Amino acid sequence: MIIKTNQDEIQNYLSDASNFSGNCRSVYLPFSELEIIEILKSCHQTKTKVTISGNGTGLNGGRVPQGGIIISLELMNKIISFDSTAKTITVQPGVILKDLQDYVESKKLFYPPDPTESNCFIGATVATNASGTRTFKYGPSRDYVEELRIVIPDGRIINISRNQFTAKNFNGKLIAEDGSEINFTIPNYKMPKTKNASGYFCAENMDMIDLFIGSEGTLGVISEIKLKLIDLPSSIFSCIVFFNEEINALNFIVEARDHSKNDSAENSSKKCDAQGLEFFDFNSLKLLAEKYSQIPAEAKAAVWFEQELSNNYDFIIDTWMSLINRYNGQTDKSWFAVNKNDQDKFKEFRHKIATTVNEIVTKRGLKKVGTDVAVPDKFFVEFYYLCKNKVENHNLDYAAYGHFGNSHIHLNILPKNLYEYELSQKIYSEICFEAVERNGTISAEHGIGKLKRNYLLTMYGESSIKQMAALKLVFDQNKILGIGNIFEEKYLNY
């Protein structure tokens, strides 16, 4: 185990990509599960707060400590086992996502979750139920987690496999490795049917492994993860289409989304079966134009989509081209790729807008104000314009992009000073309220952390937050782990 106490050595652990910052007295870097147990037992006895640190790519302050100590899992970065027949891989939590994806792809297998920051830790993607561009087709991290080893704050280990423990109505039971039983009541609130990463996953008769996926380091420390893999697609058709009118881009996405869902469900000829449908507004393209001069000057919006190809290669491409032409996409100036090198460049293009926004925010010395909201499909286009109008009515700089196939928007407001920042926060709050009013979510993929707790309160209400806090106390009686994530500490004292 490595322990860092010099404040100069631990500064990199005290913030994340949102520019939110905190403090702690020391950072512990364990090499093994036994060392995690040792740290947690000591902190449990002394009631010392513990924050679990990922690789700093988060956007909600979840890894940022407010006192106490940090456990960083960066040294627990080994691939434990790989089974090509069962199509599974078992890893420690500090394995980098890109390293895992490259490894399994070299074995002709595929791990679909792909959050923007591919240098994140696998453990953090499970702790936040991370998703990304391919969620439209493949779903979030939750859908690929088969087994977890978890160290809870008193040092006990829960080793849980999918379908091993199922709740009875809203009553949950787990058995730790030492044979002790953990009984608890599952919060009874209605989760939105949209893509969602807001608070604990709670449902009647749920699989208990899902409780820990997306729990943001508040119930236990993940020490080992077994993941499900799928076959690597043999060929991909990838395209970035530019449109002269924004409404055409939005209507293109709506039709492609609906066709993809219907064709995939029918499992027929799969005319449209997109892995993802990503949108870039005019302001996003302007920001990207500094690095990508080949973006057409007249483009008002763009859509990036990908689809796996099979033996009906020509039919699929013809179907997409017909759809592009129907909505007046610039076929002569759009970008097409069927080889991995060009596809990776398209992926870099998508990720570059997020990093460009983060660079602007950092340069201005302000915290990021970017939505992570999603709403049911039927509301999305009108909701998109509602969000844009709120920002434009105050003449604020912004860039809108995101996973529009999932009706999930990242509208990033770019304030230039403290006054505009406070105004942006007000608008952000209004957008979250509007999403909830439409049975949507305030956080579709980034989680709650410490920065979105008030919005989660808006979404679920105080009674549900208290139920979450009561659940946490079953696993963390001494209130030490991930304090401040998901809900305020005061709810642990009711």
# chains A, B, ... in the order shown; residues from 1 in each chain; ligands from 1
call {"tool": "residues_around", "arguments": {"residues": "Pro233 in chain A", "least_positions_apart": "6", "cutoff": "10 Å", "atoms": "only C-alpha atoms", "output": "VMD selection string"}}
result
chain A and resid 105 108 to 110 307 to 310
call {"tool": "residues_around", "arguments": {"residues": "Thr85 in chain A", "least_positions_apart": "5", "cutoff": "12 Å", "atoms": "only C-alpha atoms", "output": "number ranges by chain"}}
result
A: 107-109, 228-231
call {"tool": "write_last_selection", "arguments": {"atoms": "N, CA and C atoms", "output": "mmCIF file, in the first residue's frame"}}
result
data_model
loop_
_atom_site.group_PDB
_atom_site.id
_atom_site.type_symbol
_atom_site.label_atom_id
_atom_site.label_comp_id
_atom_site.auth_asym_id
_atom_site.auth_seq_id
_atom_site.Cartn_x
_atom_site.Cartn_y
_atom_site.Cartn_z
ATOM 1 N N LYS A 107 -9.130 -10.009 -29.194
ATOM 2 C CA LYS A 107 -9.629 -11.387 -29.097
ATOM 3 C C LYS A 107 -10.928 -11.564 -29.888
ATOM 4 N N LYS A 108 -11.269 -10.560 -30.723
ATOM 5 C CA LYS A 108 -12.472 -10.594 -31.562
ATOM 6 C C LYS A 108 -13.763 -10.545 -30.745
ATOM 7 N N LEU A 109 -13.687 -9.902 -29.575
ATOM 8 C CA LEU A 109 -14.873 -9.680 -28.757
ATOM 9 C C LEU A 109 -15.036 -8.180 -28.527
ATOM 10 N N LYS A 228 -19.681 -9.126 -19.027
ATOM 11 C CA LYS A 228 -20.130 -9.878 -20.197
ATOM 12 C C LYS A 228 -19.639 -9.180 -21.461
ATOM 13 N N LEU A 229 -19.206 -9.948 -22.439
ATOM 14 C CA LEU A 229 -18.757 -9.427 -23.725
ATOM 15 C C LEU A 229 -19.664 -9.950 -24.829
ATOM 16 N N ILE A 230 -19.603 -9.323 -25.995
ATOM 17 C CA ILE A 230 -20.337 -9.818 -27.151
ATOM 18 C C ILE A 230 -19.368 -9.945 -28.323
ATOM 19 N N ASP A 231 -19.830 -10.538 -29.397
ATOM 20 C CA ASP A 231 -18.984 -10.701 -30.577
ATOM 21 C C ASP A 231 -18.638 -9.343 -31.177
#
call {"tool": "closest_residue", "arguments": {"among": "A:Lys333, A:Lys193, A:His44, A:Arg326", "to": "Asn251 in chain A", "atoms": "only C-alpha atoms"}}
result
A:Arg326
call {"tool": "residues_around", "arguments": {"residues": "Phe380 in chain A", "least_positions_apart": "6", "cutoff": "9 Å", "atoms": "only C-alpha atoms", "output": "PyMOL selection string"}}
result
chain A and resi 374+404+407-408
call {"tool": "residues_around", "arguments": {"residues": "range 339-342 of chain A", "least_positions_apart": "4", "cutoff": "9 Å", "atoms": "only C-alpha atoms", "output": "number ranges by chain"}}
result
A: 235-238, 346-347
call {"tool": "write_last_selection", "arguments": {"atoms": "C-alpha atoms", "output": "compact mmCIF listing (two decimals), in the first residue's frame"}}
result
# COMPACT_ATOMS: atom_id res chain seq x y z
CA SER A 235 -17.86 -4.26 -40.24
CA ILE A 236 -19.26 -0.84 -39.34
CA PHE A 237 -20.76 1.92 -41.50
CA SER A 238 -20.08 5.30 -39.91
CA PHE A 346 -15.14 10.37 -36.23
CA LYS A 347 -15.17 9.26 -32.61
call {"tool": "select_by_dssp", "arguments": {"residues": "range 29-222 of chain A", "states": "helix (DSSP H, G or I)", "output": "PyMOL selection string"}}
result
chain A and resi 33-46+97-106+122-127+135-138+141-144+209-212
call {"tool": "select_by_dssp", "arguments": {"residues": "range 354-425 of chain A", "states": "strand (DSSP E)", "output": "ChimeraX atom specification"}}
result
/A:369-370,373-374,398-402,408-413
call {"tool": "write_last_selection", "arguments": {"atoms": "C-alpha atoms", "output": "compact mmCIF listing (two decimals), in the first residue's frame"}}
result
# COMPACT_ATOMS: atom_id res chain seq x y z
CA VAL A 369 -22.89 24.17 -16.34
CA GLY A 370 -23.96 21.38 -18.65
CA VAL A 373 -31.22 15.54 -18.91
CA ALA A 374 -33.30 13.06 -20.90
CA TYR A 398 -23.81 27.74 -25.33
CA ALA A 399 -23.23 24.56 -27.28
CA ALA A 400 -25.81 21.78 -27.58
CA TYR A 401 -24.93 18.22 -28.50
CA GLY A 402 -25.48 14.73 -27.20
CA HIS A 408 -30.66 12.94 -24.09
CA ILE A 409 -29.16 16.41 -24.42
CA HIS A 410 -25.91 17.95 -23.21
CA LEU A 411 -26.65 21.66 -23.39
CA ASN A 412 -23.51 23.36 -22.14
CA ILE A 413 -23.94 26.98 -21.08
call {"tool": "residues_around", "arguments": {"residues": "Phe349 in chain A", "least_positions_apart": "4", "cutoff": "8 Å", "atoms": "only C-alpha atoms", "output": "number ranges by chain"}}
result
A: 288, 345, 353
call {"tool": "residues_around", "arguments": {"residues": "Arg142 in chain A", "least_positions_apart": "6", "cutoff": "10 Å", "atoms": "only C-alpha atoms", "output": "list of chain:residue names"}}
result
A:Pro113, A:Thr125, A:Val126, A:Ala127, A:Thr128, A:Asn129, A:Ala130, A:Ser131, A:Ile209, A:Asp210, A:Phe212, A:Ile213, A:Gly214, A:Leu227
call {"tool": "residues_around", "arguments": {"residues": "range 15-23 of chain A", "least_positions_apart": "6", "cutoff": "8 Å", "atoms": "only C-alpha atoms", "output": "list in words"}}
result
Gly56, Thr57, Gly58, Leu59, Asn60, Gly61, Arg63, Val64, Pro65, Gln66, Gly67, Asn358, Thr362, Leu366, Lys367 and Lys368 of chain A
